[in-house]
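Take a look at the structure set out below.
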Amino acid sequence: MTIANESVALTNATTGNIETVRAYVDAFNRGDIDAVCNLFAKEAQIWGVLGWGNVEEARPIWKEVTSSLQIELTIDAIVADGDTVVARYTERGKSVKPFRGLGPTNKTYELLAMEWFEVKDNLIQRRWGTRDSGSQNRQLGLAG
């Protein structure tokens with residue numbers, strides 16, 4: 001009987017972790033960086049294409065990227081095991097303002113992106129992200 005109860009708890013926690021990641025994607029797509037940041041624990045660490053840091057270090061980058069490249073993430077697959085959630089996205093965007101000193105080109109792009117999350121108590125503790133930045137730059141006309 002105890003095993004069944006533990007299994008139910010794990011299933012509910014895992015479902016909650018997936019919902020936290022879905023809320024992150026939804027907030028990111030709205031460009032609501034405050035909502036994105038509120039989904040992270042205070043001591044969270046974020047790794048990505050531009051390096052790694054805490055939420056306050058990531059905030060201005062996320063703000064710039066959402067306003068400059070109009071990013072939209074579509075979840076293609078999402079899996080979870082306990083506190084770990086992994087999402088594979090189709091990322092689409094358009095260069096409408098300069099980003100990191102490049103652009104705008106008014107061109108669009110589409111690429112594959114993946115993020116790995118550790119979630120506890122409905123807050124993201126760690127996030128690792130990867131995307132094909134070379135393809136993004138070529139599609140946006142930013143590659144030399």
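In the structure tokens, each chain is lettered A, B, ... as it comes, each chain's residues begin at 1, and ligands are numbered from 1 in order of appearance.
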Exercise for the section: List the neighbours of A:Phe99 out to 7 Å using only C-alpha atoms; skip same-chain residues closer than 4 positions along the sequence, and give me the result as a list in words. Expected result: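 Once the nearby chain positions are removed, what remains is Glu64, Val65, Ser68 and Gly103 of chain A.
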I need the chosen residues saved as an mmCIF file, in the first residue's frame, with N, CA, C and O atoms.
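selection.cif, freshly written:
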data_model
loop_
_atom_site.group_PDB
_atom_site.id
_atom_site.type_symbol
_atom_site.label_atom_id
_atom_site.label_comp_id
_atom_site.auth_asym_id
_atom_site.auth_seq_id
_atom_site.Cartn_x
_atom_site.Cartn_y
_atom_site.Cartn_z
ATOM 1 N N GLU A 64 16.223 41.165 -24.082
ATOM 2 C CA GLU A 64 16.752 41.581 -25.382
ATOM 3 C C GLU A 64 16.393 40.587 -26.474
ATOM 4 O O GLU A 64 15.962 40.977 -27.558
ATOM 5 N N VAL A 65 16.528 39.305 -26.196
ATOM 6 C CA VAL A 65 16.277 38.296 -27.235
ATOM 7 C C VAL A 65 14.792 38.234 -27.605
ATOM 8 O O VAL A 65 14.448 38.081 -28.769
ATOM 9 N N SER A 68 14.078 41.557 -29.568
ATOM 10 C CA SER A 68 14.851 41.690 -30.807
ATOM 11 C C SER A 68 14.529 40.621 -31.834
ATOM 12 O O SER A 68 14.508 40.892 -33.037
ATOM 13 N N GLY A 103 22.120 43.161 -36.620
ATOM 14 C CA GLY A 103 20.758 43.276 -37.125
ATOM 15 C C GLY A 103 20.218 44.663 -36.858
ATOM 16 O O GLY A 103 20.943 45.556 -36.447
#
Exercise for the section: Please report, as a VMD selection string, each residue of stretch 20-141 of chain A to which DSSP assigns helix (DSSP H, G or I) when run on this structure's backbone. Expected result: chain A and resid 20 to 30 33 to 38 55 to 69 133 to 140
Exercise for the section: Could you give me, as a VMD selection string, the residues within 7 Å of stretch 86-95 of chain A, counting only C-alpha atoms and dropping anything in the same chain fewer than 3 positions from it? Expected result: chain A and resid 68 to 80 103 to 117 140
Write a file of the selected residues as an mmCIF file, in the first residue's frame, keeping N, CA, C and O atoms.
data_model
loop_
_atom_site.group_PDB
_atom_site.id
_atom_site.type_symbol
_atom_site.label_atom_id
_atom_site.label_comp_id
_atom_site.auth_asym_id
_atom_site.auth_seq_id
_atom_site.Cartn_x
_atom_site.Cartn_y
_atom_site.Cartn_z
ATOM 1 N N SER A 68 14.078 41.557 -29.568
ATOM 2 C CA SER A 68 14.851 41.690 -30.807
ATOM 3 C C SER A 68 14.529 40.621 -31.834
ATOM 4 O O SER A 68 14.508 40.892 -33.037
ATOM 5 N N LEU A 69 14.314 39.396 -31.366
ATOM 6 C CA LEU A 69 14.144 38.268 -32.294
ATOM 7 C C LEU A 69 12.743 37.671 -32.287
ATOM 8 O O LEU A 69 12.481 36.696 -32.967
ATOM 9 N N GLN A 70 11.844 38.235 -31.533
ATOM 10 C CA GLN A 70 10.450 37.769 -31.482
ATOM 11 C C GLN A 70 10.355 36.243 -31.431
ATOM 12 O O GLN A 70 9.631 35.618 -32.190
ATOM 13 N N ILE A 71 11.085 35.638 -30.504
ATOM 14 C CA ILE A 71 11.146 34.182 -30.395
ATOM 15 C C ILE A 71 9.796 33.602 -29.993
ATOM 16 O O ILE A 71 9.117 34.132 -29.119
ATOM 17 N N GLU A 72 9.460 32.491 -30.639
ATOM 18 C CA GLU A 72 8.304 31.690 -30.237
ATOM 19 C C GLU A 72 8.742 30.235 -30.183
ATOM 20 O O GLU A 72 9.309 29.708 -31.144
ATOM 21 N N LEU A 73 8.515 29.611 -29.036
ATOM 22 C CA LEU A 73 8.858 28.204 -28.841
ATOM 23 C C LEU A 73 7.597 27.357 -28.962
ATOM 24 O O LEU A 73 6.589 27.668 -28.336
ATOM 25 N N THR A 74 7.682 26.287 -29.743
ATOM 26 C CA THR A 74 6.617 25.294 -29.821
ATOM 27 C C THR A 74 7.174 24.005 -29.261
ATOM 28 O O THR A 74 8.199 23.508 -29.751
ATOM 29 N N ILE A 75 6.549 23.467 -28.229
ATOM 30 C CA ILE A 75 7.028 22.216 -27.636
ATOM 31 C C ILE A 75 6.698 21.066 -28.581
ATOM 32 O O ILE A 75 5.536 20.815 -28.878
ATOM 33 N N ASP A 76 7.736 20.391 -29.067
ATOM 34 C CA ASP A 76 7.566 19.217 -29.930
ATOM 35 C C ASP A 76 7.531 17.936 -29.109
ATOM 36 O O ASP A 76 6.863 16.981 -29.476
ATOM 37 N N ALA A 77 8.275 17.924 -28.003
ATOM 38 C CA ALA A 77 8.299 16.762 -27.104
ATOM 39 C C ALA A 77 8.718 17.250 -25.725
ATOM 40 O O ALA A 77 9.510 18.181 -25.603
ATOM 41 N N ILE A 78 8.151 16.603 -24.708
ATOM 42 C CA ILE A 78 8.521 16.930 -23.334
ATOM 43 C C ILE A 78 8.467 15.630 -22.530
ATOM 44 O O ILE A 78 7.506 14.869 -22.656
ATOM 45 N N VAL A 79 9.534 15.364 -21.788
ATOM 46 C CA VAL A 79 9.591 14.155 -20.964
ATOM 47 C C VAL A 79 10.070 14.539 -19.574
ATOM 48 O O VAL A 79 10.772 15.532 -19.402
ATOM 49 N N ALA A 80 9.668 13.744 -18.600
ATOM 50 C CA ALA A 80 10.060 14.028 -17.225
ATOM 51 C C ALA A 80 10.348 12.738 -16.488
ATOM 52 O O ALA A 80 9.739 11.703 -16.740
ATOM 53 N N GLY A 103 22.120 43.161 -36.620
ATOM 54 C CA GLY A 103 20.758 43.276 -37.125
ATOM 55 C C GLY A 103 20.218 44.663 -36.858
ATOM 56 O O GLY A 103 20.943 45.556 -36.447
ATOM 57 N N PRO A 104 18.948 44.847 -37.100
ATOM 58 C CA PRO A 104 17.964 43.853 -37.522
ATOM 59 C C PRO A 104 18.046 43.598 -39.035
ATOM 60 O O PRO A 104 18.520 44.441 -39.786
ATOM 61 N N THR A 105 17.572 42.419 -39.421
ATOM 62 C CA THR A 105 17.569 42.062 -40.840
ATOM 63 C C THR A 105 16.152 41.879 -41.380
ATOM 64 O O THR A 105 15.976 41.750 -42.583
ATOM 65 N N ASN A 106 15.154 41.838 -40.493
ATOM 66 C CA ASN A 106 13.758 41.569 -40.848
ATOM 67 C C ASN A 106 13.569 40.200 -41.488
ATOM 68 O O ASN A 106 12.543 39.936 -42.103
ATOM 69 N N LYS A 107 14.548 39.315 -41.317
ATOM 70 C CA LYS A 107 14.442 37.931 -41.808
ATOM 71 C C LYS A 107 13.952 37.029 -40.680
ATOM 72 O O LYS A 107 14.106 37.346 -39.498
ATOM 73 N N THR A 108 13.384 35.893 -41.069
ATOM 74 C CA THR A 108 12.882 34.924 -40.106
ATOM 75 C C THR A 108 13.823 33.728 -40.026
ATOM 76 O O THR A 108 14.664 33.518 -40.901
ATOM 77 N N TYR A 109 13.650 32.952 -38.969
ATOM 78 C CA TYR A 109 14.414 31.716 -38.816
ATOM 79 C C TYR A 109 13.554 30.660 -38.153
ATOM 80 O O TYR A 109 12.537 30.960 -37.522
ATOM 81 N N GLU A 110 13.988 29.404 -38.306
ATOM 82 C CA GLU A 110 13.363 28.268 -37.628
ATOM 83 C C GLU A 110 14.456 27.262 -37.342
ATOM 84 O O GLU A 110 15.272 26.962 -38.219
ATOM 85 N N LEU A 111 14.483 26.757 -36.116
ATOM 86 C CA LEU A 111 15.513 25.795 -35.738
ATOM 87 C C LEU A 111 15.036 24.902 -34.613
ATOM 88 O O LEU A 111 13.973 25.124 -34.034
ATOM 89 N N LEU A 112 15.829 23.918 -34.311
ATOM 90 C CA LEU A 112 15.588 22.998 -33.199
ATOM 91 C C LEU A 112 16.303 23.541 -31.966
ATOM 92 O O LEU A 112 17.438 24.015 -32.062
ATOM 93 N N ALA A 113 15.631 23.490 -30.830
ATOM 94 C CA ALA A 113 16.235 23.895 -29.554
ATOM 95 C C ALA A 113 15.844 22.882 -28.495
ATOM 96 O O ALA A 113 14.797 22.237 -28.598
ATOM 97 N N MET A 114 16.686 22.710 -27.492
ATOM 98 C CA MET A 114 16.394 21.797 -26.394
ATOM 99 C C MET A 114 16.791 22.447 -25.080
ATOM 100 O O MET A 114 17.777 23.179 -25.019
ATOM 101 N N GLU A 115 16.010 22.149 -24.046
ATOM 102 C CA GLU A 115 16.332 22.624 -22.710
ATOM 103 C C GLU A 115 16.101 21.502 -21.706
ATOM 104 O O GLU A 115 15.155 20.731 -21.825
ATOM 105 N N TRP A 116 16.978 21.451 -20.729
ATOM 106 C CA TRP A 116 16.954 20.457 -19.665
ATOM 107 C C TRP A 116 16.760 21.225 -18.368
ATOM 108 O O TRP A 116 17.481 22.191 -18.106
ATOM 109 N N PHE A 117 15.787 20.842 -17.582
ATOM 110 C CA PHE A 117 15.437 21.545 -16.354
ATOM 111 C C PHE A 117 15.526 20.617 -15.152
ATOM 112 O O PHE A 117 15.194 19.438 -15.258
ATOM 113 N N LEU A 140 19.140 34.400 -40.516
ATOM 114 C CA LEU A 140 18.876 35.814 -40.290
ATOM 115 C C LEU A 140 19.782 36.723 -41.117
ATOM 116 O O LEU A 140 19.634 37.939 -41.083
#
Practice task
Tell me which protein, DNA and RNA residues are within 10 Å of A:Trp47, counting only C-alpha atoms, leaving out same-chain ones fewer than 2 positions away, and put them as a list in words.
Solution key: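 Close residues of A:Trp47: Gln45, Val49, Leu50, Gly51, Trp52, Gly53, Asn54, Ala58, Glu115, Trp116, Arg126, Arg127, Trp128, Gly129 and Thr130 of chain A.
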Exercise for the section: Write out as a ChimeraX atom specification all residues of chain A that DSSP puts in strand (DSSP E or B) for this structure's backbone. Expected result: /A:40-48,51-53,72-81,84-94,99,102,108-120,123-131
Exercise for the section: In Å, rounded to a single decimal, give me how far atom CA of A:Trp62 is from atom CA of A:Phe28. Expected result: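 Atom CA of A:Trp62 lies 8.3 Å from atom CA of A:Phe28.
Considering only C-alpha atoms, the residue among A:Asp83, A:Arg138, A:Ile46, A:Asp26 positioned nearest to A:Asp121 is A:Asp83.
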